[in-house]
$ cat upload-v3.cif   # mmCIF, C-alpha atoms and all ligand atoms
data_start
#
loop_
_atom_site.label_atom_id
_atom_site.label_comp_id
_atom_site.auth_asym_id
_atom_site.auth_seq_id
_atom_site.Cartn_x
_atom_site.Cartn_y
_atom_site.Cartn_z
CA MET A 1 127.25 39.57 -107.65
CA THR A 2 125.84 43.09 -107.22
CA GLN A 3 124.93 44.99 -110.40
CA ARG A 4 126.46 48.38 -109.60
CA PHE A 5 127.38 49.07 -113.24
CA SER A 6 124.18 48.07 -114.97
CA GLY A 7 123.62 50.48 -117.88
CA LYS A 8 127.07 52.03 -117.40
CA VAL A 9 129.98 52.09 -119.85
CA VAL A 10 133.47 51.28 -118.56
CA ALA A 11 136.64 51.88 -120.61
CA LEU A 12 139.84 50.08 -119.63
CA THR A 13 143.39 50.23 -120.97
CA ALA A 14 145.93 47.35 -120.84
CA ALA A 15 143.10 44.91 -120.25
CA ALA A 16 144.47 41.69 -121.79
CA SER A 17 146.22 40.39 -118.70
CA GLY A 18 146.55 40.49 -114.91
CA ILE A 19 144.84 43.30 -113.04
CA GLY A 20 143.29 44.86 -116.16
CA LEU A 21 141.70 41.60 -117.24
CA ALA A 22 140.39 40.92 -113.73
CA ALA A 23 138.89 44.42 -113.64
CA LEU A 24 137.24 43.88 -117.04
CA GLU A 25 135.72 40.65 -115.74
CA ARG A 26 134.49 42.28 -112.54
CA PHE A 27 132.84 45.23 -114.32
CA ALA A 28 131.21 42.87 -116.82
CA ALA A 29 129.91 40.63 -114.02
CA GLU A 30 128.40 43.72 -112.42
CA GLY A 31 126.44 44.61 -115.56
CA ALA A 32 128.71 47.10 -117.34
CA MET A 33 129.12 47.61 -121.06
CA ILE A 34 132.84 47.11 -121.68
CA CYS A 35 135.11 49.12 -123.91
CA ALA A 36 138.52 47.48 -123.49
CA SER A 37 141.89 47.98 -125.14
CA ASP A 38 145.42 46.65 -125.11
CA ILE A 39 148.58 47.09 -127.16
CA SER A 40 147.87 43.56 -128.45
CA LEU A 41 144.34 43.11 -129.83
CA GLU A 42 145.05 39.42 -130.39
CA ALA A 43 146.00 38.91 -126.72
CA LEU A 44 142.91 40.85 -125.65
CA LYS A 45 140.56 38.78 -127.85
CA THR A 46 142.12 35.55 -126.59
CA ALA A 47 141.86 36.63 -122.94
CA VAL A 48 138.25 37.78 -123.20
CA ALA A 49 136.93 34.84 -125.28
CA PRO A 50 136.41 32.44 -122.30
CA LEU A 51 134.23 35.05 -120.57
CA ALA A 52 131.65 34.67 -123.37
CA LEU A 53 130.43 38.27 -122.96
CA PRO A 54 127.48 39.34 -125.12
CA GLU A 55 128.70 41.14 -128.25
CA ASP A 56 126.31 44.06 -127.78
CA ARG A 57 128.03 44.84 -124.45
CA LEU A 58 131.62 44.57 -125.65
CA LEU A 59 134.03 46.64 -127.74
CA LEU A 60 137.66 45.56 -128.08
CA ARG A 61 140.29 47.86 -129.55
CA GLU A 62 144.02 47.87 -130.18
CA CYS A 63 145.52 50.84 -128.37
CA ASP A 64 149.12 51.65 -127.50
CA VAL A 65 148.68 54.06 -124.59
CA THR A 66 151.88 55.93 -125.48
CA ASP A 67 150.19 57.21 -128.67
CA ILE A 68 147.85 60.12 -127.93
CA GLY A 69 146.01 59.62 -131.23
CA GLN A 70 145.27 55.95 -130.52
CA VAL A 71 144.06 56.78 -127.01
CA GLN A 72 141.75 59.52 -128.35
CA SER A 73 140.35 57.12 -130.99
CA PHE A 74 139.78 54.41 -128.38
CA ILE A 75 137.72 56.73 -126.19
CA ASP A 76 135.89 58.23 -129.21
CA ASP A 77 135.03 54.73 -130.55
CA GLY A 78 133.65 53.67 -127.17
CA VAL A 79 131.44 56.73 -126.84
CA ARG A 80 130.26 56.40 -130.45
CA ARG A 81 129.35 52.76 -129.91
CA PHE A 82 127.65 52.98 -126.51
CA GLY A 83 126.60 56.65 -126.43
CA ARG A 84 128.20 57.47 -123.07
CA LEU A 85 131.17 56.88 -120.78
CA ASP A 86 130.83 56.39 -117.03
CA VAL A 87 134.15 54.94 -115.89
CA LEU A 88 137.73 55.14 -117.15
CA VAL A 89 140.30 52.68 -115.78
CA ASN A 90 143.89 53.65 -116.62
CA ASN A 91 145.71 50.40 -116.02
CA ALA A 92 148.84 50.50 -118.20
CA GLY A 93 152.23 50.77 -116.53
CA THR A 94 155.77 49.52 -116.90
CA GLY A 95 159.02 49.69 -114.99
CA ALA A 96 162.76 49.23 -115.48
CA LEU A 97 165.16 47.59 -113.05
CA ALA A 98 168.22 49.84 -112.96
CA TYR A 99 170.19 52.44 -111.01
CA VAL A 100 170.26 55.99 -112.32
CA THR A 101 173.62 55.72 -114.13
CA GLU A 102 172.50 52.55 -115.90
CA LEU A 103 169.27 53.68 -117.58
CA ASP A 104 169.45 55.35 -120.98
CA GLN A 105 167.17 58.18 -122.04
CA GLU A 106 165.02 55.97 -124.26
CA ALA A 107 164.27 53.49 -121.48
CA TRP A 108 163.45 56.35 -119.06
CA HIS A 109 161.05 57.91 -121.58
CA LYS A 110 159.36 54.55 -122.18
CA VAL A 111 158.59 54.09 -118.47
CA ILE A 112 157.21 57.63 -118.22
CA ALA A 113 155.24 57.28 -121.47
CA VAL A 114 153.52 53.98 -120.68
CA THR A 115 152.93 54.72 -117.00
CA LEU A 116 152.28 58.47 -116.72
CA ASP A 117 151.74 60.09 -120.14
CA SER A 118 149.07 57.46 -120.80
CA VAL A 119 146.97 58.63 -117.86
CA PHE A 120 147.11 62.23 -119.10
CA TYR A 121 146.15 61.19 -122.65
CA ALA A 122 143.16 59.09 -121.57
CA CYS A 123 141.88 61.57 -118.98
CA ARG A 124 142.17 64.37 -121.55
CA ALA A 125 140.07 62.38 -124.02
CA ALA A 126 137.54 61.06 -121.51
CA MET A 127 136.90 63.99 -119.17
CA PRO A 128 134.23 65.77 -121.27
CA HIS A 129 132.24 62.51 -121.47
CA LEU A 130 132.70 61.74 -117.76
CA ALA A 131 131.51 65.25 -116.90
CA ARG A 132 128.25 64.47 -118.74
CA THR A 133 127.62 61.27 -116.75
CA GLN A 134 129.19 62.48 -113.45
CA GLY A 135 131.50 59.53 -113.87
CA ALA A 136 134.75 58.32 -112.33
CA VAL A 137 138.38 57.64 -113.15
CA VAL A 138 140.33 54.89 -111.41
CA ASN A 139 144.08 54.75 -112.05
CA THR A 140 146.18 51.69 -111.33
CA ALA A 141 149.07 53.37 -109.51
CA SER A 142 151.28 51.33 -107.15
CA ILE A 143 152.76 51.36 -103.68
CA SER A 144 155.89 52.19 -105.70
CA GLY A 145 154.27 55.57 -106.32
CA LEU A 146 154.02 56.21 -102.57
CA PHE A 147 157.60 55.36 -101.55
CA GLY A 148 160.98 54.54 -103.12
CA ASP A 149 162.16 51.04 -104.04
CA ASN A 150 165.72 49.85 -104.50
CA GLY A 151 166.63 49.74 -108.19
CA LEU A 152 163.26 50.90 -109.55
CA PHE A 153 163.62 54.70 -109.59
CA ALA A 154 161.99 55.38 -112.99
CA TYR A 155 158.91 53.37 -112.03
CA ASN A 156 158.83 55.16 -108.64
CA ALA A 157 158.94 58.52 -110.44
CA ALA A 158 156.27 57.57 -112.96
CA LYS A 159 153.85 56.04 -110.44
CA GLY A 160 154.53 58.95 -108.06
CA GLY A 161 153.37 61.13 -110.94
CA VAL A 162 150.20 59.06 -111.30
CA VAL A 163 149.54 59.39 -107.56
CA ASN A 164 149.73 63.18 -107.62
CA LEU A 165 147.98 63.49 -110.99
CA THR A 166 145.13 61.56 -109.37
CA ARG A 167 144.91 64.13 -106.56
CA ALA A 168 145.17 67.12 -108.91
CA LEU A 169 142.49 65.89 -111.34
CA ALA A 170 140.24 65.03 -108.39
CA VAL A 171 140.48 68.64 -107.20
CA ASP A 172 139.97 70.10 -110.69
CA HIS A 173 136.94 67.97 -111.58
CA ALA A 174 135.14 67.66 -108.24
CA PRO A 175 132.87 70.61 -109.16
CA GLU A 176 131.63 68.56 -112.16
CA ASN A 177 131.10 65.56 -109.88
CA VAL A 178 133.76 63.51 -111.64
CA ARG A 179 135.69 61.52 -109.05
CA VAL A 180 139.32 60.54 -109.64
CA ASN A 181 140.99 57.90 -107.47
CA ALA A 182 143.74 55.31 -107.71
CA VAL A 183 144.48 51.88 -106.35
CA CYS A 184 148.05 51.27 -105.23
CA PRO A 185 148.62 47.53 -105.51
CA GLY A 186 151.41 45.85 -103.63
CA LEU A 187 152.85 42.61 -104.98
CA THR A 188 150.10 41.00 -107.08
CA ALA A 189 150.31 37.57 -108.69
CA THR A 190 150.12 38.38 -112.42
CA PRO A 191 152.19 37.28 -115.43
CA ARG A 192 154.37 40.35 -114.87
CA THR A 193 155.46 39.19 -111.41
CA ALA A 194 155.73 35.44 -112.10
CA TRP A 195 159.54 35.69 -112.15
CA MET A 196 159.49 37.22 -108.65
CA MET A 197 157.32 34.42 -107.30
CA GLU A 198 159.70 31.87 -108.83
CA ASP A 199 162.85 33.51 -107.41
CA THR A 200 163.29 31.93 -103.97
CA GLU A 201 165.36 34.82 -102.61
CA ILE A 202 162.83 37.47 -103.62
CA ARG A 203 159.94 35.30 -102.40
CA ALA A 204 161.62 34.85 -99.00
CA GLU A 205 162.10 38.63 -98.70
CA TYR A 206 158.41 39.18 -99.43
CA ASP A 207 157.36 36.46 -97.00
CA ARG A 208 159.36 38.21 -94.28
CA ARG A 209 157.98 41.67 -95.03
CA LEU A 210 154.36 41.06 -96.03
CA PRO A 211 152.13 41.26 -92.92
CA MET A 212 149.44 39.15 -94.63
CA GLY A 213 152.08 36.66 -95.76
CA ARG A 214 150.99 36.34 -99.39
CA PRO A 215 150.75 38.33 -102.60
CA GLY A 216 147.45 39.90 -103.63
CA THR A 217 145.35 38.45 -106.42
CA PRO A 218 144.20 40.29 -109.55
CA ASP A 219 140.61 39.79 -108.33
CA GLU A 220 141.40 41.60 -105.07
CA MET A 221 142.76 44.56 -107.08
CA ALA A 222 139.70 44.45 -109.35
CA ALA A 223 137.39 44.56 -106.32
CA ALA A 224 139.10 47.73 -105.07
CA ILE A 225 138.97 49.30 -108.55
CA ALA A 226 135.26 48.51 -108.87
CA PHE A 227 134.57 49.92 -105.40
CA LEU A 228 136.28 53.23 -106.20
CA ALA A 229 134.44 53.41 -109.54
CA SER A 230 131.06 52.69 -107.97
CA SER A 231 128.51 54.86 -106.19
CA ASP A 232 129.59 53.09 -102.97
CA ALA A 233 132.55 55.49 -103.13
CA SER A 234 130.40 58.53 -103.97
CA TYR A 235 132.17 60.84 -101.47
CA ILE A 236 135.69 59.51 -102.13
CA THR A 237 137.91 61.44 -104.52
CA GLY A 238 141.64 62.11 -104.73
CA VAL A 239 142.46 58.95 -102.77
CA ASN A 240 145.38 56.62 -103.52
CA LEU A 241 144.21 53.40 -101.89
CA ALA A 242 146.95 50.95 -100.90
CA VAL A 243 145.82 47.37 -101.58
CA ASP A 244 148.92 45.65 -100.31
CA GLY A 245 148.28 43.17 -97.49
CA GLY A 246 149.66 45.69 -95.00
CA LEU A 247 153.08 46.13 -96.64
CA THR A 248 153.05 49.93 -96.43
CA ALA A 249 151.55 49.87 -92.93
CA ALA A 250 154.82 48.45 -91.60
CA THR A 251 158.00 50.36 -90.64
CA ASN A 252 160.10 47.45 -91.95
CA GLN A 253 161.89 47.24 -88.59
CA PRO A 254 162.95 43.73 -87.41
CA ALA A 255 159.99 41.44 -86.62
CA PHE A 256 160.36 41.85 -82.84
CA GLY A 257 157.41 39.59 -81.96
CA ARG A 258 158.68 36.72 -84.08
CA LEU A 259 162.34 37.12 -83.01
CA ARG A 260 161.40 37.25 -79.27
CA LYS A 261 159.85 33.77 -79.55
CA GLN A 262 162.88 32.18 -81.24
N1 LIG A 301 151.49 42.98 -110.56
C1 LIG A 301 151.90 43.75 -109.55
O1 LIG A 301 152.51 43.27 -108.56
C2 LIG A 301 151.63 45.24 -109.59
C3 LIG A 301 151.88 45.97 -108.43
C4 LIG A 301 151.64 47.34 -108.45
C5 LIG A 301 151.14 47.95 -109.58
N2 LIG A 301 150.91 47.21 -110.70
C6 LIG A 301 150.40 47.91 -111.87
O2 LIG A 301 149.23 47.27 -112.33
C7 LIG A 301 149.08 47.47 -113.73
C8 LIG A 301 148.85 46.13 -114.41
O3 LIG A 301 149.93 45.26 -114.07
P1 LIG A 301 149.83 43.67 -114.24
O4 LIG A 301 150.76 43.08 -113.28
O5 LIG A 301 148.39 43.27 -114.26
O6 LIG A 301 150.49 43.53 -115.71
P2 LIG A 301 150.43 42.38 -116.83
O7 LIG A 301 151.82 42.27 -117.33
O8 LIG A 301 149.73 41.15 -116.36
O9 LIG A 301 149.52 43.08 -117.96
C9 LIG A 301 149.94 44.25 -118.55
C10 LIG A 301 149.14 44.49 -119.83
O10 LIG A 301 149.55 45.76 -120.34
C11 LIG A 301 149.60 45.66 -121.75
N3 LIG A 301 150.47 46.74 -122.25
C12 LIG A 301 151.81 46.82 -122.15
N4 LIG A 301 152.24 47.95 -122.76
C13 LIG A 301 151.14 48.59 -123.23
C14 LIG A 301 150.93 49.79 -123.96
N5 LIG A 301 151.99 50.61 -124.34
N6 LIG A 301 149.67 50.15 -124.28
C15 LIG A 301 148.63 49.35 -123.93
N7 LIG A 301 148.76 48.20 -123.26
C16 LIG A 301 150.01 47.81 -122.91
C17 LIG A 301 150.16 44.27 -121.99
O11 LIG A 301 149.91 43.83 -123.31
C18 LIG A 301 149.41 43.48 -120.93
O12 LIG A 301 148.17 42.97 -121.41
C19 LIG A 301 150.36 48.20 -114.18
O13 LIG A 301 150.11 49.60 -114.21
C20 LIG A 301 151.34 47.90 -113.07
O14 LIG A 301 152.35 48.88 -112.95
C21 LIG A 301 151.14 45.86 -110.73
#
$ encode --input "upload-v3.cif" --output "structure tokens" --more "lines below"
Ligand SMILES: NC(=O)c1ccc[n+]([C@@H]2O[C@H](COP(=O)([O-])OP(=O)(O)OC[C@H]3O[C@@H](n4cnc5c(N)ncnc54)[C@H](O)[C@@H]3O)[C@@H](O)[C@H]2O)c1
Amino acid sequence: MTQRFSGKVVALTAAASGIGLAALERFAAEGAMICASDISLEALKTAVAPLALPEDRLLLRECDVTDIGQVQSFIDDGVRRFGRLDVLVNNAGTGALAYVTELDQEAWHKVIAVTLDSVFYACRAAMPHLARTQGAVVNTASISGLFGDNGLFAYNAAKGGVVNLTRALAVDHAPENVRVNAVCPGLTATPRTAWMMEDTEIRAEYDRRLPMGRPGTPDEMAAAIAFLASSDASYITGVNLAVDGGLTAATNQPAFGRLRKQ
């Protein structure tokens, strides 16, 4: 494993599971000091325990990303403990399966709060520290922020917001040499999507549409996040990188090649 983050401090939200946990593991393996949070501190402690990370390189905090005060304290605690901040990974996000007439105001606000407000809160708290280190932000957006899905409009709106917030902050903070990028995962095998993998109808739809024929892994998302956070991406900012096995490269027309052979 390369050591691209040796001596660097990386803060991550929603790090107890799935993509966030894989990113935590990747940054730690590459030498970073980790400042990680989740809405459930217990879940975070349990998830991180098997990694046996040295205590002097690890800070775990409870943080509900919809609470601006908790987000500010999380970032402040990390900087107080390690003296600097080099990378911020905004990983929290949630959706709601519904059509527009079916979703109440509270559910709409929750999707926007967890997915989009959270990125604003953390960037607001972290940007002065990142400006000092010429650091980087990586947001976990989604291919659902690039296009519309059927029955997922609130998530599409929230992740679309993250996609364009990424571009806008990249433009604003490029003069300070702070880079701001996002990964846009396609279907990724995490606890959140287990029900989709188990539903044979949904799985068959994905198998038909996914050019690479399989979901992504959390480690593959973590590798893209670490790349965008690293000096390997030193001239990349404002990019929303699809990590989706080719799903958004396709027009979704019938599979002519396959049908011709039948
Ligand atoms: N899994 C996919 O297929 C996929 C695809 C595209 C984008 N994403 C995005 O990737 C990110 C991570 O998804 P995942 O599949 O790894 O999820 P996951 O369900 O495995 O983990 C989500 C984590 O977020 C934490 N969390 C929930 N609400 C929170 C809050 N208010 N504050 C802080 N933490 C909170 C949970 O406790 C959990 O640890 C999300 O932003 C999601 O929208 C996932």
$ atom_distance --input "upload-v3.cif" --atom1 "atom CA of Ala154 of chain A" --atom2 "atom CA of Ser142 of chain A"
12.9 Å
$ closest_residue --input "upload-v3.cif" --among "A:Ser231, A:Gln3, A:Thr188, A:Thr66" --to "Arg214 of chain A" --atoms "all atoms listed in the file"
A:Thr188
$ closest_residue --input "upload-v3.cif" --among "A:Arg208, A:Lys110, A:Arg132, A:His173" --to "ligand LIG 301 (chain A)" --atoms "only C-alpha atoms and all ligand atoms"
A:Lys110
$ closest_atom_pairs --input "upload-v3.cif" --of "chain A" --to "ligand LIG 301 (chain A)" --cutoff "6 Å" --atoms "only C-alpha atoms and all ligand atoms" --output "tab-separated table"
residue	atom	partner	partner_atom	distance
A:Ala14	CA	A:LIG301	N7	3.8
A:Ala15	CA	A:LIG301	O12	5.6
A:Ala16	CA	A:LIG301	O12	3.9
A:Ser17	CA	A:LIG301	O12	4.2
A:Gly18	CA	A:LIG301	O5	3.4
A:Ile19	CA	A:LIG301	O5	3.8
A:Gly20	CA	A:LIG301	O5	5.7
A:Asp38	CA	A:LIG301	N7	4.1
A:Ile39	CA	A:LIG301	C15	3.9
A:Ser40	CA	A:LIG301	O11	5.5
A:Cys63	CA	A:LIG301	C15	5.6
A:Asp64	CA	A:LIG301	N6	3.6
A:Val65	CA	A:LIG301	N6	4.0
A:Thr66	CA	A:LIG301	N5	5.4
A:Asn91	CA	A:LIG301	O13	4.8
A:Ala92	CA	A:LIG301	O13	4.3
A:Gly93	CA	A:LIG301	O13	3.4
A:Thr94	CA	A:LIG301	O14	5.3
A:Val114	CA	A:LIG301	N5	5.2
A:Thr140	CA	A:LIG301	O13	5.3
A:Ala141	CA	A:LIG301	C5	5.8
A:Ser142	CA	A:LIG301	C5	4.2
A:Pro185	CA	A:LIG301	C4	4.2
A:Gly186	CA	A:LIG301	C3	4.8
A:Leu187	CA	A:LIG301	O1	3.7
A:Thr188	CA	A:LIG301	O1	3.6
A:Ala189	CA	A:LIG301	N1	5.8
A:Thr190	CA	A:LIG301	O4	4.8
A:Pro191	CA	A:LIG301	O8	4.7
A:Arg192	CA	A:LIG301	O7	4.0
A:Thr193	CA	A:LIG301	N1	5.6
$ atom_distance --input "upload-v3.cif" --atom1 "atom CA of Ala157 of chain A" --atom2 "atom CA of Gly145 of chain A"
6.9 Å
$ atom_distance --input "upload-v3.cif" --atom1 "atom CA of Leu53 of chain A" --atom2 "atom CA of Leu21 of chain A"
13.1 Å
$ residues_around --input "upload-v3.cif" --residues "Ala125 of chain A" --least-positions-apart "2" --cutoff "8 Å" --atoms "all atoms listed in the file" --output "PDB file with C-alpha atoms, in the frame of the given file"
ATOM      1  CA  VAL A  71     144.060  56.780-127.010  1.00  0.00           C
ATOM      2  CA  GLN A  72     141.750  59.520-128.350  1.00  0.00           C
ATOM      3  CA  ILE A  75     137.720  56.730-126.190  1.00  0.00           C
ATOM      4  CA  ASP A  76     135.890  58.230-129.210  1.00  0.00           C
ATOM      5  CA  TYR A 121     146.150  61.190-122.650  1.00  0.00           C
ATOM      6  CA  ALA A 122     143.160  59.090-121.570  1.00  0.00           C
ATOM      7  CA  CYS A 123     141.880  61.570-118.980  1.00  0.00           C
ATOM      8  CA  MET A 127     136.900  63.990-119.170  1.00  0.00           C
ATOM      9  CA  PRO A 128     134.230  65.770-121.270  1.00  0.00           C
TER      10      PRO A 128
END
$ closest_residue --input "upload-v3.cif" --among "A:Ala43, A:Ala226, A:Val89, A:Leu210" --to "Asn252 of chain A" --atoms "only C-alpha atoms"
A:Leu210
$ residues_around --input "upload-v3.cif" --residues "Ala36 of chain A" --least-positions-apart "2" --cutoff "6 Å" --atoms "only C-alpha atoms" --output "PyMOL selection string"
chain A and resi 11-12+34+60
$ closest_residue --input "upload-v3.cif" --among "A:Ala126, A:Val180, A:Leu146, A:Ala174" --to "Leu247 of chain A" --atoms "all atoms listed in the file"
A:Leu146
$ closest_atom_pairs --input "upload-v3.cif" --of "segment 188-253 of chain A" --to "segment 23-27 of chain A" --cutoff "8 Å" --atoms "only C-alpha atoms" --output "Markdown table"
| residue | atom | partner | partner_atom | distance |
| --- | --- | --- | --- | --- |
| A:Pro218 | CA | A:Ala23 | CA | 7.9 |
| A:Asp219 | CA | A:Ala23 | CA | 7.3 |
| A:Met221 | CA | A:Ala23 | CA | 7.6 |
| A:Ala222 | CA | A:Ala23 | CA | 4.4 |
| A:Ala223 | CA | A:Arg26 | CA | 7.2 |
| A:Ile225 | CA | A:Ala23 | CA | 7.1 |
| A:Ala226 | CA | A:Phe27 | CA | 6.8 |
$ closest_residue --input "upload-v3.cif" --among "A:Trp108, A:Tyr206, A:Phe120, A:Phe256" --to "Ile68 of chain A" --atoms "all atoms listed in the file"
A:Phe120
$ residues_around --input "upload-v3.cif" --residues "Ala136 of chain A" --least-positions-apart "6" --cutoff "10 Å" --atoms "all atoms listed in the file" --output "list of chain:residue names"
A:Val10, A:Leu85, A:Asp86, A:Val87, A:Leu88, A:Val89, A:Ala126, A:Met127, A:Leu130, A:Ala170, A:His173, A:Asn177, A:Val178, A:Arg179, A:Val180, A:Asn181, A:Leu228, A:Ala229, A:Ser230, A:Ser231, A:Ala233, A:Ser234, A:Thr237
$ closest_residue --input "upload-v3.cif" --among "A:Gly257, A:Pro215, A:Gly246, A:Gly151" --to "Thr101 of chain A" --atoms "all atoms listed in the file"
A:Gly151
$ axis_aligned_box --input "upload-v3.cif" --around "segment 3-14 of chain A" --padding-each-side "5 Å" --output "lines of an AutoDock Vina configuration file"
center_x = 134.8
center_y = 48.5
center_z = -115.3
size_x = 32.3
size_y = 17.1
size_z = 21.4
$ decode --input "upload-v3.cif" --residues "segment 24-75 of chain A" --atoms "C-alpha atoms" --output "mmCIF file, in the first residue's frame"
data_model
loop_
_atom_site.group_PDB
_atom_site.id
_atom_site.type_symbol
_atom_site.label_atom_id
_atom_site.label_comp_id
_atom_site.auth_asym_id
_atom_site.auth_seq_id
_atom_site.Cartn_x
_atom_site.Cartn_y
_atom_site.Cartn_z
ATOM 1 C CA LEU A 24 -11.628 5.114 6.715
ATOM 2 C CA GLU A 25 -9.752 1.829 6.317
ATOM 3 C CA ARG A 26 -8.080 2.951 3.088
ATOM 4 C CA PHE A 27 -6.896 6.296 4.509
ATOM 5 C CA ALA A 28 -5.602 4.561 7.645
ATOM 6 C CA ALA A 29 -3.740 1.966 5.559
ATOM 7 C CA GLU A 30 -2.132 4.829 3.649
ATOM 8 C CA GLY A 31 -0.781 6.420 6.828
ATOM 9 C CA ALA A 32 -3.434 9.006 7.728
ATOM 10 C CA MET A 33 -4.491 10.142 11.171
ATOM 11 C CA ILE A 34 -8.229 9.461 11.286
ATOM 12 C CA CYS A 35 -10.942 11.654 12.710
ATOM 13 C CA ALA A 36 -14.152 9.701 12.088
ATOM 14 C CA SER A 37 -17.772 10.219 13.060
ATOM 15 C CA ASP A 38 -21.176 8.625 12.736
ATOM 16 C CA ILE A 39 -24.646 9.170 14.144
ATOM 17 C CA SER A 40 -23.991 6.006 16.183
ATOM 18 C CA LEU A 41 -20.728 6.092 18.150
ATOM 19 C CA GLU A 42 -21.339 2.513 19.287
ATOM 20 C CA ALA A 43 -21.633 1.280 15.683
ATOM 21 C CA LEU A 44 -18.503 3.237 14.756
ATOM 22 C CA LYS A 45 -16.464 1.794 17.648
ATOM 23 C CA THR A 46 -17.624 -1.731 16.803
ATOM 24 C CA ALA A 47 -16.807 -1.308 13.102
ATOM 25 C CA VAL A 48 -13.358 0.161 13.691
ATOM 26 C CA ALA A 49 -12.259 -2.248 16.472
ATOM 27 C CA PRO A 50 -11.123 -5.094 14.130
ATOM 28 C CA LEU A 51 -8.816 -2.667 12.290
ATOM 29 C CA ALA A 52 -6.726 -2.334 15.481
ATOM 30 C CA LEU A 53 -5.640 1.221 14.593
ATOM 31 C CA PRO A 54 -3.151 2.891 16.944
ATOM 32 C CA GLU A 55 -4.967 5.126 19.436
ATOM 33 C CA ASP A 56 -2.684 8.089 18.797
ATOM 34 C CA ARG A 57 -3.849 8.122 15.157
ATOM 35 C CA LEU A 58 -7.572 7.791 15.814
ATOM 36 C CA LEU A 59 -10.402 10.000 17.059
ATOM 37 C CA LEU A 60 -13.974 8.710 17.029
ATOM 38 C CA ARG A 61 -16.932 11.023 17.612
ATOM 39 C CA GLU A 62 -20.712 10.847 17.636
ATOM 40 C CA CYS A 63 -22.026 13.314 15.079
ATOM 41 C CA ASP A 64 -25.462 13.664 13.522
ATOM 42 C CA VAL A 65 -24.659 15.538 10.309
ATOM 43 C CA THR A 66 -28.056 17.277 10.318
ATOM 44 C CA ASP A 67 -26.994 19.236 13.427
ATOM 45 C CA ILE A 68 -24.707 22.145 12.525
ATOM 46 C CA GLY A 69 -23.422 22.391 16.105
ATOM 47 C CA GLN A 70 -22.398 18.729 16.229
ATOM 48 C CA VAL A 71 -20.660 19.013 12.861
ATOM 49 C CA GLN A 72 -18.741 22.117 13.997
ATOM 50 C CA SER A 73 -17.686 20.357 17.235
ATOM 51 C CA PHE A 74 -16.555 17.271 15.310
ATOM 52 C CA ILE A 75 -14.273 19.315 13.060
#
